[in-house]
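What follows is the content of query_28.csv, which has CSV, C-alpha atoms:
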```
chain,number,residue,atom,x,y,z
A,1,MET,CA,211.0,107.5,77.7
A,2,LYS,CA,214.7,108.8,77.6
A,3,ASN,CA,213.4,112.4,77.6
A,4,LEU,CA,211.2,111.8,80.6
A,5,LEU,CA,214.0,110.2,82.6
A,6,CYS,CA,216.3,113.2,81.8
A,7,VAL,CA,213.6,115.6,83.0
A,8,LEU,CA,213.2,113.7,86.3
A,9,PHE,CA,217.0,113.5,86.7
A,10,LEU,CA,217.4,117.2,86.3
A,11,LEU,CA,214.6,118.0,88.6
A,12,PHE,CA,216.2,116.0,91.4
A,13,VAL,CA,219.8,117.2,90.8
A,14,PHE,CA,218.9,120.9,90.9
A,15,LYS,CA,216.2,120.7,93.6
A,16,ASN,CA,218.1,123.0,96.0
A,17,ILE,CA,218.7,125.9,93.6
A,18,HIS,CA,215.3,127.6,93.9
A,19,SER,CA,212.2,127.2,96.1
A,20,GLN,CA,210.4,124.1,94.7
A,21,LYS,CA,207.9,121.3,95.2
A,22,PHE,CA,207.5,117.9,93.7
A,23,GLU,CA,204.3,115.9,93.9
A,24,TRP,CA,203.3,112.4,92.7
A,25,TRP,CA,199.8,111.6,91.5
A,26,SER,CA,198.4,115.1,92.0
A,27,ALA,CA,196.1,116.6,89.4
A,28,SER,CA,196.5,120.2,88.2
A,29,GLN,CA,194.5,122.8,86.5
A,30,PHE,CA,197.1,124.0,84.0
A,31,GLU,CA,197.2,120.5,82.4
A,32,LYS,CA,193.5,120.5,81.4
A,33,SER,CA,192.4,120.4,77.8
A,34,TYR,CA,190.7,123.1,75.8
A,35,ILE,CA,186.9,122.5,75.6
A,36,SER,CA,187.1,122.5,71.8
A,37,GLU,CA,190.0,120.0,71.7
A,38,MET,CA,189.1,117.1,69.4
A,39,TYR,CA,189.6,113.6,71.0
A,40,SER,CA,190.5,115.1,74.4
A,41,PRO,CA,190.2,113.2,77.7
A,42,LEU,CA,187.3,115.4,78.8
A,43,SER,CA,184.0,113.6,79.5
A,44,ARG,CA,181.0,114.9,77.5
A,45,LEU,CA,177.6,113.9,76.4
A,46,GLU,CA,176.0,115.5,73.2
A,47,ILE,CA,172.7,115.4,71.4
A,48,ALA,CA,173.6,116.3,67.8
A,49,THR,CA,172.1,116.8,64.4
A,50,ILE,CA,174.1,116.2,61.2
A,51,ASN,CA,173.7,117.0,57.5
A,52,ARG,CA,174.9,113.6,56.4
A,53,LEU,CA,177.0,110.7,57.6
A,54,HIS,CA,178.6,108.3,55.1
A,55,PRO,CA,177.3,106.6,52.0
A,56,THR,CA,177.9,103.1,53.5
A,57,TYR,CA,175.7,103.8,56.5
A,58,TYR,CA,172.6,101.6,56.1
A,59,LYS,CA,170.1,103.6,58.1
A,60,GLU,CA,168.2,106.1,55.9
A,61,ASN,CA,167.8,109.9,56.3
A,62,PRO,CA,170.3,110.5,59.2
A,63,GLU,CA,169.7,114.2,58.7
A,64,THR,CA,166.1,113.9,60.0
A,65,ARG,CA,166.9,112.7,63.6
A,66,ALA,CA,169.3,113.4,66.4
A,67,PHE,CA,172.4,111.4,67.2
A,68,ASN,CA,174.2,110.8,70.5
A,69,GLU,CA,177.9,111.4,70.8
A,70,VAL,CA,179.5,110.2,74.0
A,71,GLN,CA,183.1,110.7,75.1
A,72,THR,CA,184.4,109.2,78.3
A,73,GLY,CA,187.8,110.1,79.4
A,74,LEU,CA,190.2,110.7,82.2
A,75,GLN,CA,193.7,112.2,82.6
A,76,ILE,CA,195.8,110.2,85.1
A,77,PRO,CA,198.3,112.6,86.8
A,78,VAL,CA,201.8,111.1,87.3
A,79,PHE,CA,203.8,114.0,88.8
A,80,GLN,CA,203.9,117.7,89.1
A,81,TYR,CA,206.9,120.0,89.7
A,82,PHE,CA,206.8,123.6,90.8
A,83,GLN,CA,209.7,126.0,91.0
A,84,ASN,CA,209.7,129.7,92.1
A,85,ARG,CA,212.5,131.2,90.0
A,86,PRO,CA,213.8,134.8,90.4
A,87,SER,CA,212.1,135.7,87.1
A,88,GLY,CA,208.8,133.8,87.4
A,89,ASP,CA,207.0,130.6,88.3
A,90,LEU,CA,207.7,127.3,86.5
A,91,LYS,CA,205.2,124.4,86.6
A,92,ILE,CA,205.8,121.0,84.9
A,93,GLY,CA,203.4,118.1,84.8
A,94,PHE,CA,203.3,114.6,83.3
A,95,SER,CA,200.0,112.8,82.8
A,96,ILE,CA,198.4,110.0,80.8
A,97,PRO,CA,195.2,111.0,78.9
A,98,ILE,CA,192.8,108.3,78.0
A,99,SER,CA,189.5,108.6,76.0
A,100,ALA,CA,186.9,106.7,74.1
A,101,LEU,CA,184.5,108.5,71.7
A,102,LEU,CA,181.3,106.8,70.6
A,103,LEU,CA,178.7,107.8,68.0
A,104,ILE,CA,175.3,106.2,68.5
A,105,ASP,CA,172.2,106.4,66.4
A,106,MET,CA,170.1,106.6,69.5
A,107,PHE,CA,166.9,107.8,67.9
A,108,GLU,CA,166.8,105.2,65.1
A,109,SER,CA,163.6,103.3,65.8
A,110,VAL,CA,164.7,99.7,65.3
A,111,THR,CA,168.0,98.9,67.0
A,112,ALA,CA,169.6,102.3,67.9
A,113,PRO,CA,173.0,101.0,66.7
A,114,LEU,CA,176.5,102.0,67.8
A,115,ILE,CA,178.1,103.4,64.6
A,116,ASN,CA,181.7,103.9,65.6
A,117,ASN,CA,184.0,104.1,68.6
A,118,ASP,CA,187.5,105.6,68.7
A,119,TYR,CA,190.1,104.9,71.5
A,120,ARG,CA,193.1,107.1,72.3
A,121,PHE,CA,195.8,107.0,75.0
A,122,GLY,CA,199.3,108.3,75.5
A,123,GLY,CA,201.6,110.4,77.6
A,124,LYS,CA,201.8,114.2,77.9
A,125,ILE,CA,204.3,116.6,79.4
A,126,THR,CA,203.1,120.2,80.1
A,127,ALA,CA,205.4,123.1,81.1
A,128,LEU,CA,203.9,126.4,82.1
A,129,TYR,CA,206.1,129.5,82.8
A,130,SER,CA,204.6,132.7,84.3
A,131,PRO,CA,207.1,135.7,84.3
A,132,TYR,CA,206.5,138.1,87.3
A,133,SER,CA,207.2,141.0,84.9
A,134,MET,CA,204.1,140.1,82.8
A,135,GLN,CA,201.4,139.7,85.4
A,136,ASP,CA,199.7,142.9,84.2
A,137,HIS,CA,200.2,142.3,80.5
A,138,PHE,CA,198.0,140.7,78.0
A,139,ILE,CA,200.3,137.6,77.8
A,140,LYS,CA,200.6,136.3,81.3
A,141,ASN,CA,202.2,132.9,80.8
A,142,PHE,CA,203.7,130.6,78.2
A,143,CYS,CA,203.0,126.9,77.8
A,144,LEU,CA,204.8,124.1,76.0
A,145,THR,CA,203.2,120.7,75.7
A,146,ILE,CA,205.0,117.6,74.4
A,147,VAL,CA,203.2,114.4,73.6
A,148,PRO,CA,206.0,111.9,72.9
A,149,LEU,CA,203.7,109.1,71.9
A,150,PHE,CA,200.0,108.5,71.7
A,151,HIS,CA,198.0,105.7,70.1
A,152,GLU,CA,194.6,105.8,68.3
A,153,SER,CA,192.5,102.9,67.1
A,154,SER,CA,189.0,102.8,65.8
A,155,HIS,CA,186.2,100.3,65.1
A,156,ILE,CA,182.8,100.6,63.4
A,157,GLY,CA,179.8,99.0,65.1
A,158,ASP,CA,179.0,95.3,64.5
A,159,GLU,CA,175.6,96.0,63.0
A,160,TYR,CA,177.2,98.5,60.6
A,161,ALA,CA,179.9,96.0,59.5
A,162,LEU,CA,177.6,93.0,59.1
A,163,HIS,CA,175.1,94.9,57.1
A,164,GLY,CA,177.8,96.3,54.8
A,165,TYR,CA,179.4,92.9,54.2
A,166,ASN,CA,176.1,91.3,53.4
A,167,THR,CA,174.5,93.9,51.2
A,168,LEU,CA,177.1,96.3,49.8
A,169,PRO,CA,179.5,95.0,47.1
A,170,GLY,CA,182.1,97.6,47.7
A,171,PHE,CA,182.0,97.6,51.5
A,172,LYS,CA,185.2,97.5,53.4
A,173,ARG,CA,186.4,97.6,57.0
A,174,ILE,CA,189.6,99.6,57.4
A,175,ASN,CA,191.6,99.2,60.6
A,176,LEU,CA,192.5,102.8,61.5
A,177,SER,CA,195.4,102.3,64.0
A,178,TYR,CA,198.5,104.4,64.4
A,179,GLU,CA,200.9,106.1,66.8
A,180,ALA,CA,202.1,109.7,66.5
A,181,TRP,CA,203.8,112.5,68.5
A,182,GLN,CA,202.6,116.1,69.1
A,183,LEU,CA,204.1,119.4,70.0
A,184,PHE,CA,202.2,122.5,71.1
A,185,PHE,CA,203.2,126.1,72.0
A,186,GLY,CA,200.7,128.5,73.6
A,187,ILE,CA,200.0,131.6,75.7
A,188,ASN,CA,197.7,132.1,78.6
A,189,ARG,CA,196.9,128.5,79.3
A,190,PRO,CA,193.1,128.0,80.0
A,191,ASP,CA,192.3,127.6,83.7
A,192,SER,CA,195.8,128.7,84.7
A,193,LEU,CA,194.2,132.0,86.0
A,194,ALA,CA,190.8,132.7,87.5
A,195,GLY,CA,189.9,136.0,85.8
A,196,PRO,CA,189.1,136.9,82.2
A,197,LEU,CA,191.6,135.1,79.9
A,198,LEU,CA,192.1,134.8,76.2
A,199,SER,CA,194.2,131.7,75.4
A,200,ALA,CA,195.7,130.4,72.2
A,201,GLU,CA,198.0,127.7,71.0
A,202,ILE,CA,199.4,126.2,67.8
A,203,GLY,CA,200.2,122.5,67.5
A,204,TYR,CA,201.8,120.0,65.2
A,205,GLN,CA,201.3,116.2,64.9
A,206,ARG,CA,203.3,113.6,63.0
A,207,LEU,CA,203.2,109.9,62.6
A,208,MET,CA,206.0,108.0,64.4
A,209,PRO,CA,208.8,107.1,62.0
A,210,TYR,CA,208.2,103.4,62.2
A,211,LYS,CA,204.5,103.7,61.1
A,212,GLU,CA,203.9,103.3,57.3
A,213,GLY,CA,200.5,105.1,57.6
A,214,TYR,CA,197.3,105.7,59.5
A,215,TYR,CA,195.6,102.4,58.7
A,216,ASN,CA,195.9,98.7,57.7
A,217,ALA,CA,193.6,96.5,55.6
A,218,ASP,CA,192.9,92.8,55.8
A,219,SER,CA,192.0,91.3,52.3
A,220,LEU,CA,189.0,89.5,53.8
A,221,GLU,CA,187.7,92.7,55.5
A,222,VAL,CA,187.9,94.7,52.2
A,223,LYS,CA,186.7,91.9,49.9
A,224,GLY,CA,189.9,91.7,48.0
A,225,ILE,CA,189.9,95.4,47.0
A,226,ASP,CA,193.3,97.0,46.6
A,227,ILE,CA,193.5,99.7,49.4
A,228,LEU,CA,195.8,102.7,48.8
A,229,PRO,CA,198.2,103.3,51.6
A,230,SER,CA,198.1,106.7,53.3
A,231,GLN,CA,200.7,109.2,52.2
A,232,ASN,CA,200.4,112.4,54.3
A,233,ARG,CA,202.0,112.1,57.8
A,234,ASP,CA,201.3,115.3,59.6
A,235,LEU,CA,198.6,117.6,60.9
A,236,TRP,CA,198.6,121.3,62.0
A,237,LEU,CA,196.1,122.9,64.3
A,238,MET,CA,195.3,126.1,66.2
A,239,ARG,CA,193.2,126.6,69.3
A,240,MET,CA,191.7,129.5,71.1
A,241,ASN,CA,189.7,129.8,74.3
A,242,TYR,CA,188.1,132.8,76.1
A,243,GLN,CA,186.8,132.6,79.7
A,244,GLN,CA,184.9,135.4,81.4
A,245,PRO,CA,183.7,135.2,85.0
A,246,VAL,CA,180.0,136.2,85.2
A,247,ARG,CA,180.2,137.8,88.7
A,248,SER,CA,183.8,137.9,90.0
A,249,VAL,CA,187.0,136.0,89.9
A,250,ARG,CA,186.0,133.9,92.9
A,251,GLU,CA,186.3,130.2,92.5
A,252,SER,CA,182.6,129.8,93.2
A,253,GLY,CA,181.5,131.9,90.3
A,254,GLY,CA,180.5,130.6,86.9
A,255,GLN,CA,182.2,131.4,83.6
A,256,ILE,CA,181.2,132.1,80.1
A,257,VAL,CA,183.4,130.1,77.8
A,258,VAL,CA,184.0,130.3,74.0
A,259,SER,CA,186.5,127.8,72.5
A,260,ALA,CA,187.5,126.8,69.0
A,261,GLU,CA,189.9,124.5,67.2
A,262,THR,CA,190.9,124.6,63.5
A,263,ARG,CA,192.7,121.7,62.0
A,264,ARG,CA,194.6,121.2,58.7
A,265,GLU,CA,194.3,117.4,58.4
A,266,THR,CA,194.1,114.5,56.1
A,267,LYS,CA,191.0,113.1,54.4
A,268,MET,CA,191.7,109.5,54.0
A,269,GLY,CA,191.8,108.0,50.5
A,270,TYR,CA,191.3,104.3,50.4
A,271,ILE,CA,190.6,103.9,46.6
A,272,PRO,CA,191.6,105.9,43.5
A,273,GLU,CA,188.0,107.2,43.0
A,274,ASN,CA,188.2,109.0,46.4
A,275,PRO,CA,191.9,110.0,46.8
A,276,GLU,CA,193.6,111.3,49.9
A,277,ARG,CA,193.7,115.1,50.3
A,278,ILE,CA,194.2,117.9,52.8
A,279,VAL,CA,191.0,119.5,54.3
A,280,TRP,CA,190.3,122.1,56.9
A,281,SER,CA,188.0,121.3,59.9
A,282,PHE,CA,186.5,123.6,62.5
A,283,ASN,CA,185.2,122.7,66.0
A,284,GLY,CA,183.6,125.4,68.2
A,285,TYR,CA,181.9,125.6,71.6
A,286,ALA,CA,180.1,128.4,73.4
A,287,GLY,CA,178.4,128.1,76.8
A,288,TYR,CA,178.5,128.4,80.5
A,289,ARG,CA,180.1,126.4,83.2
A,290,ILE,CA,180.0,126.2,87.0
A,291,PRO,CA,182.5,124.6,89.5
A,292,LYS,CA,181.5,121.3,90.9
A,293,LYS,CA,181.2,121.6,94.7
A,294,ASN,CA,184.1,120.1,96.7
A,295,SER,CA,186.0,119.2,93.5
A,296,ARG,CA,188.6,120.5,91.1
A,297,HIS,CA,186.2,119.9,88.2
A,298,ASN,CA,183.4,122.0,86.6
A,299,ILE,CA,180.3,121.2,84.6
A,300,GLY,CA,179.3,123.2,81.6
A,301,ILE,CA,176.5,123.2,79.0
A,302,TYR,CA,177.5,124.4,75.5
A,303,PHE,CA,176.3,124.8,72.0
A,304,ARG,CA,178.7,123.1,69.6
A,305,HIS,CA,179.2,123.6,65.8
A,306,TYR,CA,181.5,121.4,63.8
A,307,ARG,CA,182.2,121.3,60.1
A,308,GLY,CA,184.8,119.6,57.9
A,309,LEU,CA,186.1,116.0,57.9
A,310,VAL,CA,183.8,113.3,59.2
A,311,PRO,CA,185.6,112.9,62.6
A,312,TYR,CA,184.9,109.2,63.2
A,313,GLY,CA,187.4,106.4,62.6
A,314,GLN,CA,187.5,104.9,59.1
A,315,LEU,CA,184.7,107.3,58.0
A,316,ARG,CA,187.4,110.0,57.8
A,317,ASP,CA,187.5,109.5,54.0
A,318,LYS,CA,184.5,111.9,53.6
A,319,ALA,CA,184.4,115.7,54.2
A,320,ASN,CA,181.7,118.4,53.9
A,321,PHE,CA,180.3,117.1,57.2
A,322,ARG,CA,178.4,119.4,59.6
A,323,LEU,CA,177.2,118.8,63.1
A,324,ASN,CA,175.3,121.0,65.6
A,325,ALA,CA,174.9,119.8,69.2
A,326,ILE,CA,173.9,120.6,72.7
A,327,SER,CA,176.9,119.4,74.9
A,328,LEU,CA,177.3,118.6,78.6
A,329,VAL,CA,181.0,118.7,79.5
A,330,ILE,CA,182.8,117.7,82.7
A,331,LYS,CA,186.2,119.3,82.9
```
Could you spell out this file's structure in structure tokens?
Amino acid sequence: MKNLLCVLFLLFVFKNIHSQKFEWWSASQFEKSYISEMYSPLSRLEIATINRLHPTYYKENPETRAFNEVQTGLQIPVFQYFQNRPSGDLKIGFSIPISALLLIDMFESVTAPLINNDYRFGGKITALYSPYSMQDHFIKNFCLTIVPLFHESSHIGDEYALHGYNTLPGFKRINLSYEAWQLFFGINRPDSLAGPLLSAEIGYQRLMPYKEGYYNADSLEVKGIDILPSQNRDLWLMRMNYQQPVRSVRESGGQIVVSAETRRETKMGYIPENPERIVWSFNGYAGYRIPKKNSRHNIGIYFRHYRGLVPYGQLRDKANFRLNAISLVIK
């Protein structure tokens, strides 16, 4: 909060130095997420097939049917600041991303249960600088994103939990709940320009100093089993995005989009038989999107391939997970 107040103070103090503009509650294109960003505030609906889920999931043969992954989200804009400097354009935005990710066994024939839901919210500061001298170069702008704080919590579905408690001796419910901060540096921010654009960024995430780990365990919910605390505190990731207009650079034209994210992250280890370790995960999208009429948003249909850590809540103690999906994304 202190950093945000300092930024606001400096913006007002130096407001007359260069041509500038300050707007409250105005959404921007340059703050939008990569399509491949895991747990982003984008809204998407996916029909997916998987190779396996988790040994505690009680519905048999998950690899033989499709699953439904739904993410609902929004990014609440707080302010935007624009400054035309002698060397280039500076844009700064502050927003509050919120999202909920649900995995549903929609085509299971009896109850079609909700398997897991994850909730995330936080604050995000994005700064984009576009030097005039680099307009004709491969690198056209630089982007710095700071997430001073975000929170994630997760809950498995009631049917899942009740069946586990009643039938599986070693079943446990882990409360995945933590706060962390993030820092990203990138080039050619997606959607910051209308033409063909190859974007990339590298990011780092770390637990807040006051957090002991990623999760907590109630002795009743884990049937008295001793749960190992999490040890690793950070995560590294890289993203890339390529957008190619199909007809022209006009706003009304559609775009081919290829987007990918690679994460070096922690596989949870609740018990000594399945210890914590570092794993690599990959999330990729390829598809086509068109602008939504009379709106800043666009709608795209994509093929998605994911492999690596099971990406759902407390189920993140298992890896070697693969998912293929058809995805409808509103951005």
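Neighbours of Gly308 (chain A) closer than or equal to 7 Å, with only C-alpha atoms counted and sequence neighbours fewer than 4 positions away skipped, come out as Trp280, Ser281, Phe282, Ala319, Asn320, Phe321 and Arg322 of chain A.
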Exercise. Using all atoms listed in the file, which residues sit within 12 Å of region 104-117 of chain A once same-chain residues fewer than 4 positions away are excluded, as a PyMOL selection string?
Worked result: chain A and resi 39+45-50+53-54+56-72+99-100+152-163+173+176+310-316
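The coordinates place CA of Leu235 (chain A) at 9.1 Å from CA of Leu207 (chain A).
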Exercise. Separation of CA of Val329 (chain A) and CA of Ile299 (chain A), in Å?
Worked result: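 Those two atoms sit 5.7 Å apart.
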Seminar exercise, completed: Across A:Leu42, A:Ala200, A:Ala27, A:Val78, the smallest distance to Ile98 (chain A), with all atoms listed in the file counted, is shown by A:Leu42
Region 64-75 of chain A rebuilt with all heavy atoms, output as a compact mmCIF listing (two decimals), keeping the file's coordinate frame:
```
# COMPACT_ATOMS: atom_id res chain seq x y z
N THR A 64 167.44 113.59 59.47
CA THR A 64 166.10 113.90 60.00
C THR A 64 165.95 113.54 61.49
O THR A 64 164.88 113.72 62.05
CB THR A 64 165.06 113.05 59.22
OG1 THR A 64 165.32 111.64 59.40
CG2 THR A 64 165.11 113.38 57.73
N ARG A 65 167.01 113.04 62.14
CA ARG A 65 166.90 112.70 63.60
C ARG A 65 168.20 113.06 64.28
O ARG A 65 169.23 113.33 63.66
CB ARG A 65 166.61 111.18 63.72
CG ARG A 65 167.67 110.27 63.13
CD ARG A 65 167.25 108.80 63.23
NE ARG A 65 168.27 107.91 62.66
CZ ARG A 65 168.36 107.60 61.37
NH1 ARG A 65 167.50 108.12 60.51
NH2 ARG A 65 169.30 106.78 60.93
N ALA A 66 168.12 113.04 65.59
CA ALA A 66 169.30 113.40 66.40
C ALA A 66 170.15 112.17 66.66
O ALA A 66 169.68 111.03 66.69
CB ALA A 66 168.81 113.98 67.73
N PHE A 67 171.44 112.43 66.84
CA PHE A 67 172.40 111.40 67.20
C PHE A 67 172.98 111.68 68.57
O PHE A 67 172.87 112.79 69.08
CB PHE A 67 173.53 111.35 66.15
CG PHE A 67 173.14 110.72 64.85
CD1 PHE A 67 172.29 111.37 63.97
CD2 PHE A 67 173.61 109.46 64.50
CE1 PHE A 67 171.91 110.80 62.77
CE2 PHE A 67 173.24 108.87 63.30
CZ PHE A 67 172.39 109.54 62.43
N ASN A 68 173.59 110.66 69.13
CA ASN A 68 174.20 110.80 70.50
C ASN A 68 175.69 110.55 70.34
O ASN A 68 176.13 109.50 69.89
CB ASN A 68 173.54 109.72 71.37
CG ASN A 68 174.02 109.81 72.81
OD1 ASN A 68 174.05 108.82 73.51
ND2 ASN A 68 174.36 110.99 73.27
N GLU A 69 176.46 111.56 70.72
CA GLU A 69 177.90 111.40 70.80
C GLU A 69 178.35 111.42 72.22
O GLU A 69 178.04 112.36 72.97
CB GLU A 69 178.61 112.53 69.98
CG GLU A 69 180.12 112.34 69.91
CD GLU A 69 180.82 113.39 69.07
OE1 GLU A 69 180.46 113.54 67.88
OE2 GLU A 69 181.71 114.09 69.60
N VAL A 70 179.06 110.39 72.63
CA VAL A 70 179.50 110.20 74.00
C VAL A 70 181.01 110.10 74.05
O VAL A 70 181.56 109.28 73.32
CB VAL A 70 178.85 109.00 74.68
CG1 VAL A 70 179.33 108.87 76.13
CG2 VAL A 70 177.34 109.07 74.62
N GLN A 71 181.64 110.90 74.88
CA GLN A 71 183.10 110.70 75.10
C GLN A 71 183.33 110.53 76.57
O GLN A 71 182.91 111.34 77.40
CB GLN A 71 183.85 111.95 74.60
CG GLN A 71 185.36 111.81 74.80
CD GLN A 71 186.14 112.89 74.07
OE1 GLN A 71 186.32 112.83 72.87
NE2 GLN A 71 186.60 113.87 74.82
N THR A 72 183.97 109.43 76.90
CA THR A 72 184.40 109.20 78.30
C THR A 72 185.89 109.26 78.33
O THR A 72 186.58 108.74 77.44
CB THR A 72 183.92 107.79 78.75
OG1 THR A 72 184.47 106.78 77.88
CG2 THR A 72 182.41 107.69 78.74
N GLY A 73 186.40 109.93 79.33
CA GLY A 73 187.80 110.10 79.40
C GLY A 73 188.32 110.46 80.78
O GLY A 73 187.54 110.86 81.64
N LEU A 74 189.60 110.30 80.97
CA LEU A 74 190.20 110.70 82.20
C LEU A 74 191.71 111.03 81.90
O LEU A 74 192.26 110.53 80.91
CB LEU A 74 190.12 109.71 83.32
CG LEU A 74 190.97 108.44 83.21
CD1 LEU A 74 191.13 107.82 84.59
CD2 LEU A 74 190.35 107.44 82.26
N GLN A 75 192.29 111.86 82.74
CA GLN A 75 193.70 112.20 82.60
C GLN A 75 194.38 111.81 83.91
O GLN A 75 194.15 112.43 84.94
CB GLN A 75 193.88 113.69 82.31
CG GLN A 75 195.31 114.08 82.00
CD GLN A 75 195.39 115.38 81.21
OE1 GLN A 75 195.12 115.41 80.02
NE2 GLN A 75 195.73 116.46 81.89
```
